[in-house]
file target.cif (mmCIF, C-alpha atoms)
data_entry
loop_
_atom_site.label_atom_id
_atom_site.label_comp_id
_atom_site.auth_asym_id
_atom_site.auth_seq_id
_atom_site.Cartn_x
_atom_site.Cartn_y
_atom_site.Cartn_z
CA MET A 20 -10.71 -34.29 18.43
CA PRO A 21 -7.41 -33.33 20.11
CA VAL A 22 -7.61 -31.37 23.34
CA MET A 23 -5.34 -28.37 23.75
CA ASN A 24 -2.53 -29.00 26.17
CA GLU A 25 -3.51 -27.15 29.35
CA GLU A 26 0.17 -26.65 30.24
CA LEU A 27 1.00 -24.87 27.00
CA ARG A 28 1.35 -21.12 27.43
CA VAL A 29 1.24 -18.24 25.00
CA GLY A 30 4.96 -17.73 25.53
CA ASP A 31 5.59 -21.23 24.16
CA LEU A 32 3.94 -20.38 20.81
CA MET A 33 4.37 -16.69 20.17
CA THR A 34 6.54 -15.06 17.56
CA LEU A 35 9.35 -13.45 19.51
CA ASP A 36 10.46 -9.88 18.91
CA PRO A 37 7.88 -9.08 16.23
CA LEU A 38 8.39 -6.37 13.67
CA VAL A 39 6.83 -3.15 14.89
CA VAL A 40 5.90 0.08 13.18
CA ASP A 41 5.72 3.69 14.27
CA PRO A 42 2.30 5.41 14.16
CA GLU A 43 3.74 8.09 11.84
CA ALA A 44 4.92 5.53 9.24
CA THR A 45 3.21 5.74 5.87
CA ILE A 46 0.64 3.17 4.85
CA ALA A 47 2.85 2.37 1.84
CA ASP A 48 5.66 1.46 4.27
CA VAL A 49 3.30 -0.83 6.19
CA GLU A 50 2.10 -2.53 3.01
CA ASP A 51 5.72 -3.14 2.04
CA LEU A 52 6.64 -4.50 5.50
CA LEU A 53 3.67 -6.84 5.56
CA LYS A 54 4.33 -8.16 2.07
CA ARG A 55 8.11 -8.45 2.39
CA ASN A 56 7.94 -10.26 5.74
CA ARG A 57 4.86 -12.35 4.95
CA VAL A 58 2.96 -11.23 8.05
CA THR A 59 -0.59 -9.97 8.38
CA GLY A 60 -0.24 -7.43 11.15
CA LEU A 61 2.16 -5.35 13.19
CA PRO A 62 2.15 -3.87 16.69
CA VAL A 63 2.33 -0.07 16.60
CA MET A 64 4.85 1.40 19.04
CA ARG A 65 5.49 5.04 19.95
CA ASP A 66 8.58 5.74 22.07
CA GLY A 67 8.65 2.17 23.39
CA THR A 68 4.94 2.12 24.26
CA LEU A 69 2.35 -0.07 22.54
CA VAL A 70 -0.34 2.19 21.07
CA GLY A 71 -2.18 -0.09 18.65
CA VAL A 72 -2.07 -2.73 15.92
CA ILE A 73 -2.24 -2.34 12.15
CA SER A 74 -3.36 -5.29 10.05
CA GLN A 75 -3.88 -6.31 6.47
CA SER A 76 -7.60 -6.29 7.24
CA ASP A 77 -7.39 -2.63 8.29
CA LEU A 78 -5.77 -1.83 4.94
CA VAL A 79 -8.33 -3.80 2.91
CA VAL A 80 -11.27 -2.12 4.64
CA ALA A 81 -9.69 1.31 4.20
CA ARG A 82 -8.94 0.70 0.51
CA SER A 83 -12.62 -0.09 -0.06
CA SER A 84 -13.54 3.49 0.85
CA SER A 85 -13.31 5.90 -2.06
CA VAL A 86 -12.61 8.83 0.29
CA ILE A 87 -9.78 7.04 2.09
CA GLY A 88 -8.44 5.54 -1.12
CA ALA A 89 -8.23 8.99 -2.70
CA ASN A 90 -5.97 10.09 0.17
CA TRP A 91 -3.94 6.87 0.42
CA THR A 92 -0.51 8.44 -0.07
CA ARG A 93 -1.07 10.89 2.79
CA LEU A 94 -2.31 8.29 5.30
CA ARG A 95 -0.22 7.32 8.29
CA VAL A 96 -0.48 4.23 10.46
CA HIS A 97 -2.25 6.10 13.26
CA HIS A 98 -5.11 6.89 10.86
CA LEU A 99 -5.96 3.21 10.30
CA MET A 100 -4.61 1.29 13.29
CA THR A 101 -6.80 -0.39 15.85
CA ALA A 102 -6.28 1.12 19.29
CA PRO A 103 -5.77 0.10 21.92
CA ALA A 104 -4.05 -3.17 21.02
CA VAL A 105 -5.49 -6.27 22.65
CA THR A 106 -2.83 -7.92 24.77
CA VAL A 107 -2.29 -11.17 26.60
CA HIS A 108 0.29 -12.05 29.24
CA VAL A 109 3.15 -14.31 28.20
CA GLY A 110 2.08 -16.83 30.86
CA ALA A 111 -1.57 -17.04 29.79
CA THR A 112 -2.91 -20.36 28.57
CA ILE A 113 -3.41 -20.89 24.88
CA ARG A 114 -7.06 -21.57 25.66
CA LEU A 115 -7.42 -18.05 27.08
CA ALA A 116 -5.68 -16.58 24.01
CA ALA A 117 -7.98 -18.52 21.68
CA ARG A 118 -11.04 -17.40 23.65
CA GLU A 119 -9.94 -13.74 23.40
CA MET A 120 -9.41 -13.95 19.65
CA VAL A 121 -12.76 -15.64 19.04
CA SER A 122 -14.78 -13.37 21.33
CA ARG A 123 -13.22 -10.19 19.91
CA HIS A 124 -13.07 -11.41 16.29
CA ILE A 125 -9.36 -10.58 16.01
CA HIS A 126 -6.40 -12.35 14.46
CA ARG A 127 -3.55 -11.43 16.74
CA LEU A 128 -2.78 -10.66 20.34
CA VAL A 129 0.27 -8.71 21.43
CA VAL A 130 2.04 -10.71 24.14
CA THR A 131 3.34 -8.75 27.13
CA ASP A 132 5.68 -9.55 30.01
CA ASP A 133 5.14 -8.85 33.72
CA ASP A 134 5.92 -5.16 33.16
CA GLY A 135 3.44 -4.83 30.30
CA ILE A 136 6.23 -4.64 27.72
CA PRO A 137 5.42 -6.28 24.36
CA VAL A 138 7.62 -9.35 23.81
CA GLY A 139 5.79 -11.15 21.02
CA VAL A 140 2.65 -11.76 19.01
CA VAL A 141 0.38 -14.79 18.93
CA THR A 142 -1.96 -15.57 16.02
CA PRO A 143 -4.53 -18.26 15.22
CA LEU A 144 -1.88 -19.98 13.10
CA ASP A 145 0.34 -20.26 16.19
CA LEU A 146 -2.56 -21.84 18.08
CA LEU A 147 -3.21 -24.28 15.23
CA ARG A 148 0.44 -25.30 15.25
CA SER A 149 0.01 -26.32 18.90
CA LEU A 150 -2.64 -28.82 17.82
CA LEU A 151 -0.12 -30.53 15.55
CA ASP A 152 2.00 -31.28 18.61
CA ALA A 153 -0.95 -32.36 20.76
CA PRO A 154 -1.21 -36.07 21.55
CA PRO A 155 -3.88 -37.93 19.57
CA SER A 156 -7.25 -38.17 21.27
CA ARG A 157 -8.62 -41.52 22.40
CA SER A 158 -11.74 -42.62 20.60
#
call {"tool": "encode", "arguments": {"input": "target.cif", "output": "structure tokens"}}
result
Amino acid sequence: MPVMNEELRVGDLMTLDPLVVDPEATIADVEDLLKRNRVTGLPVMRDGTLVGVISQSDLVVARSSSVIGANWTRLRVHHLMTAPAVTVHVGATIRLAAREMVSRHIHRLVVTDDDGIPVGVVTPLDLLRSLLDAPPSRS
């Protein structure tokens, strides 16, 4: 089994400058953004500040509720987003990022710089890609 490269950092794998959405955006707008850009989640930003994350999973769970589904067209991102967003520093190891995702049962971390400004997103798929570049293990 390959061992994750201890030198590899979140900043080496993350998606740079991710799409973001405003908390007042409609859920229909979010569904369109997710589908059109083939992503499963978006950081939610208000006036340059990270306030949460909205994901496909949030939408699926909400759609399963008859009460929420009946009001779908009136829903805004802030009604369904997860807040606060879970973040990780750009210099954190990929092992730390993986541990955070597993322990919190989440599928994305917003990556922040030294000033706490979001600069990217890292997902389990990004972490899996790092294994493809890992040297083969010795048996």
call {"tool": "resolve_selection", "arguments": {"input": "target.cif", "expression": "the PyMOL selection byres ((chain A and resi 50) around 10)", "output": "MDAnalysis selection string"}}
result
chainID A and resid 45:49 51:55 59:60 74:75 78
call {"tool": "atom_distance", "arguments": {"input": "target.cif", "atom1": "atom CA of Val70 of chain A", "atom2": "atom CA of Thr131 of chain A"}}
result
13.0 Å
call {"tool": "closest_residue", "arguments": {"input": "target.cif", "among": "A:Pro143, A:Arg57, A:Ile73, A:Leu38", "to": "Pro103 of chain A", "atoms": "all atoms listed in the file"}}
result
A:Ile73
call {"tool": "resolve_selection", "arguments": {"input": "target.cif", "expression": "the PyMOL selection byres ((chain A and resi 135-142) around 9)", "output": "number ranges by chain"}}
result
A: 29-30, 32-37, 61-62, 67-69, 106-109, 116-117, 120, 125-134, 143-147
call {"tool": "residues_around", "arguments": {"input": "target.cif", "residues": "Arg65 of chain A", "least_positions_apart": "3", "cutoff": "12 Å", "atoms": "all atoms listed in the file", "output": "PyMOL selection string"}}
result
chain A and resi 39-44+62+68-72+96-97
call {"tool": "atom_distance", "arguments": {"input": "target.cif", "atom1": "atom CA of Val79 of chain A", "atom2": "atom CA of Ala104 of chain A"}}
result
18.6 Å
call {"tool": "residues_near_point", "arguments": {"input": "target.cif", "point": "(-7.6, -21.4, 28.1)", "cutoff": "12 Å", "atoms": "only C-alpha atoms", "output": "VMD selection string"}}
result
chain A and resid 22 to 29 107 110 to 121 146
call {"tool": "atom_distance", "arguments": {"input": "target.cif", "atom1": "atom CA of Val63 of chain A", "atom2": "atom CA of Asn90 of chain A"}}
result
21.0 Å
call {"tool": "build_atoms", "arguments": {"input": "target.cif", "residues": "segment 31-54 of chain A", "atoms": "N, CA and C atoms", "output": "PDB file, keeping the file's coordinate frame"}}
result
ATOM      1  N   ASP A  31       5.023 -20.068  24.843  1.00  0.00           N
ATOM      2  CA  ASP A  31       5.590 -21.230  24.160  1.00  0.00           C
ATOM      3  C   ASP A  31       5.345 -21.185  22.656  1.00  0.00           C
ATOM      4  N   LEU A  32       4.376 -20.389  22.219  1.00  0.00           N
ATOM      5  CA  LEU A  32       3.940 -20.380  20.810  1.00  0.00           C
ATOM      6  C   LEU A  32       4.208 -19.086  20.071  1.00  0.00           C
ATOM      7  N   MET A  33       4.345 -18.017  20.790  1.00  0.00           N
ATOM      8  CA  MET A  33       4.370 -16.690  20.170  1.00  0.00           C
ATOM      9  C   MET A  33       5.571 -16.501  19.254  1.00  0.00           C
ATOM     10  N   THR A  34       5.423 -15.546  18.363  1.00  0.00           N
ATOM     11  CA  THR A  34       6.540 -15.060  17.560  1.00  0.00           C
ATOM     12  C   THR A  34       7.280 -14.063  18.431  1.00  0.00           C
ATOM     13  N   LEU A  35       8.545 -14.333  18.673  1.00  0.00           N
ATOM     14  CA  LEU A  35       9.350 -13.450  19.510  1.00  0.00           C
ATOM     15  C   LEU A  35       9.779 -12.204  18.744  1.00  0.00           C
ATOM     16  N   ASP A  36       9.956 -11.129  19.477  1.00  0.00           N
ATOM     17  CA  ASP A  36      10.460  -9.880  18.910  1.00  0.00           C
ATOM     18  C   ASP A  36       9.833  -9.552  17.551  1.00  0.00           C
ATOM     19  N   PRO A  37       8.534  -9.343  17.521  1.00  0.00           N
ATOM     20  CA  PRO A  37       7.880  -9.080  16.230  1.00  0.00           C
ATOM     21  C   PRO A  37       8.333  -7.758  15.633  1.00  0.00           C
ATOM     22  N   LEU A  38       8.183  -7.659  14.336  1.00  0.00           N
ATOM     23  CA  LEU A  38       8.390  -6.370  13.670  1.00  0.00           C
ATOM     24  C   LEU A  38       7.367  -5.409  14.238  1.00  0.00           C
ATOM     25  N   VAL A  39       7.759  -4.180  14.426  1.00  0.00           N
ATOM     26  CA  VAL A  39       6.830  -3.150  14.890  1.00  0.00           C
ATOM     27  C   VAL A  39       6.918  -1.963  13.946  1.00  0.00           C
ATOM     28  N   VAL A  40       5.943  -1.094  14.037  1.00  0.00           N
ATOM     29  CA  VAL A  40       5.900   0.080  13.180  1.00  0.00           C
ATOM     30  C   VAL A  40       5.516   1.296  14.016  1.00  0.00           C
ATOM     31  N   ASP A  41       6.012   2.431  13.607  1.00  0.00           N
ATOM     32  CA  ASP A  41       5.720   3.690  14.270  1.00  0.00           C
ATOM     33  C   ASP A  41       4.371   4.227  13.766  1.00  0.00           C
ATOM     34  N   PRO A  42       3.603   4.899  14.604  1.00  0.00           N
ATOM     35  CA  PRO A  42       2.300   5.410  14.160  1.00  0.00           C
ATOM     36  C   PRO A  42       2.404   6.474  13.067  1.00  0.00           C
ATOM     37  N   GLU A  43       3.567   7.070  12.883  1.00  0.00           N
ATOM     38  CA  GLU A  43       3.740   8.090  11.840  1.00  0.00           C
ATOM     39  C   GLU A  43       4.233   7.496  10.522  1.00  0.00           C
ATOM     40  N   ALA A  44       4.486   6.181  10.484  1.00  0.00           N
ATOM     41  CA  ALA A  44       4.920   5.530   9.240  1.00  0.00           C
ATOM     42  C   ALA A  44       3.812   5.650   8.201  1.00  0.00           C
ATOM     43  N   THR A  45       4.199   5.659   6.936  1.00  0.00           N
ATOM     44  CA  THR A  45       3.210   5.740   5.870  1.00  0.00           C
ATOM     45  C   THR A  45       2.535   4.381   5.678  1.00  0.00           C
ATOM     46  N   ILE A  46       1.358   4.408   5.136  1.00  0.00           N
ATOM     47  CA  ILE A  46       0.640   3.170   4.850  1.00  0.00           C
ATOM     48  C   ILE A  46       1.388   2.368   3.788  1.00  0.00           C
ATOM     49  N   ALA A  47       2.040   3.056   2.847  1.00  0.00           N
ATOM     50  CA  ALA A  47       2.850   2.370   1.840  1.00  0.00           C
ATOM     51  C   ALA A  47       3.985   1.589   2.503  1.00  0.00           C
ATOM     52  N   ASP A  48       4.601   2.170   3.538  1.00  0.00           N
ATOM     53  CA  ASP A  48       5.660   1.460   4.270  1.00  0.00           C
ATOM     54  C   ASP A  48       5.112   0.209   4.948  1.00  0.00           C
ATOM     55  N   VAL A  49       3.920   0.323   5.523  1.00  0.00           N
ATOM     56  CA  VAL A  49       3.300  -0.830   6.190  1.00  0.00           C
ATOM     57  C   VAL A  49       2.982  -1.920   5.176  1.00  0.00           C
ATOM     58  N   GLU A  50       2.394  -1.541   4.045  1.00  0.00           N
ATOM     59  CA  GLU A  50       2.100  -2.530   3.010  1.00  0.00           C
ATOM     60  C   GLU A  50       3.363  -3.272   2.593  1.00  0.00           C
ATOM     61  N   ASP A  51       4.453  -2.539   2.427  1.00  0.00           N
ATOM     62  CA  ASP A  51       5.720  -3.140   2.040  1.00  0.00           C
ATOM     63  C   ASP A  51       6.238  -4.089   3.129  1.00  0.00           C
ATOM     64  N   LEU A  52       6.198  -3.663   4.383  1.00  0.00           N
ATOM     65  CA  LEU A  52       6.640  -4.500   5.500  1.00  0.00           C
ATOM     66  C   LEU A  52       5.835  -5.797   5.584  1.00  0.00           C
ATOM     67  N   LEU A  53       4.530  -5.671   5.474  1.00  0.00           N
ATOM     68  CA  LEU A  53       3.670  -6.840   5.560  1.00  0.00           C
ATOM     69  C   LEU A  53       3.984  -7.827   4.433  1.00  0.00           C
ATOM     70  N   LYS A  54       4.084  -7.313   3.232  1.00  0.00           N
ATOM     71  CA  LYS A  54       4.330  -8.160   2.070  1.00  0.00           C
ATOM     72  C   LYS A  54       5.720  -8.797   2.128  1.00  0.00           C
TER      73      LYS A  54
END
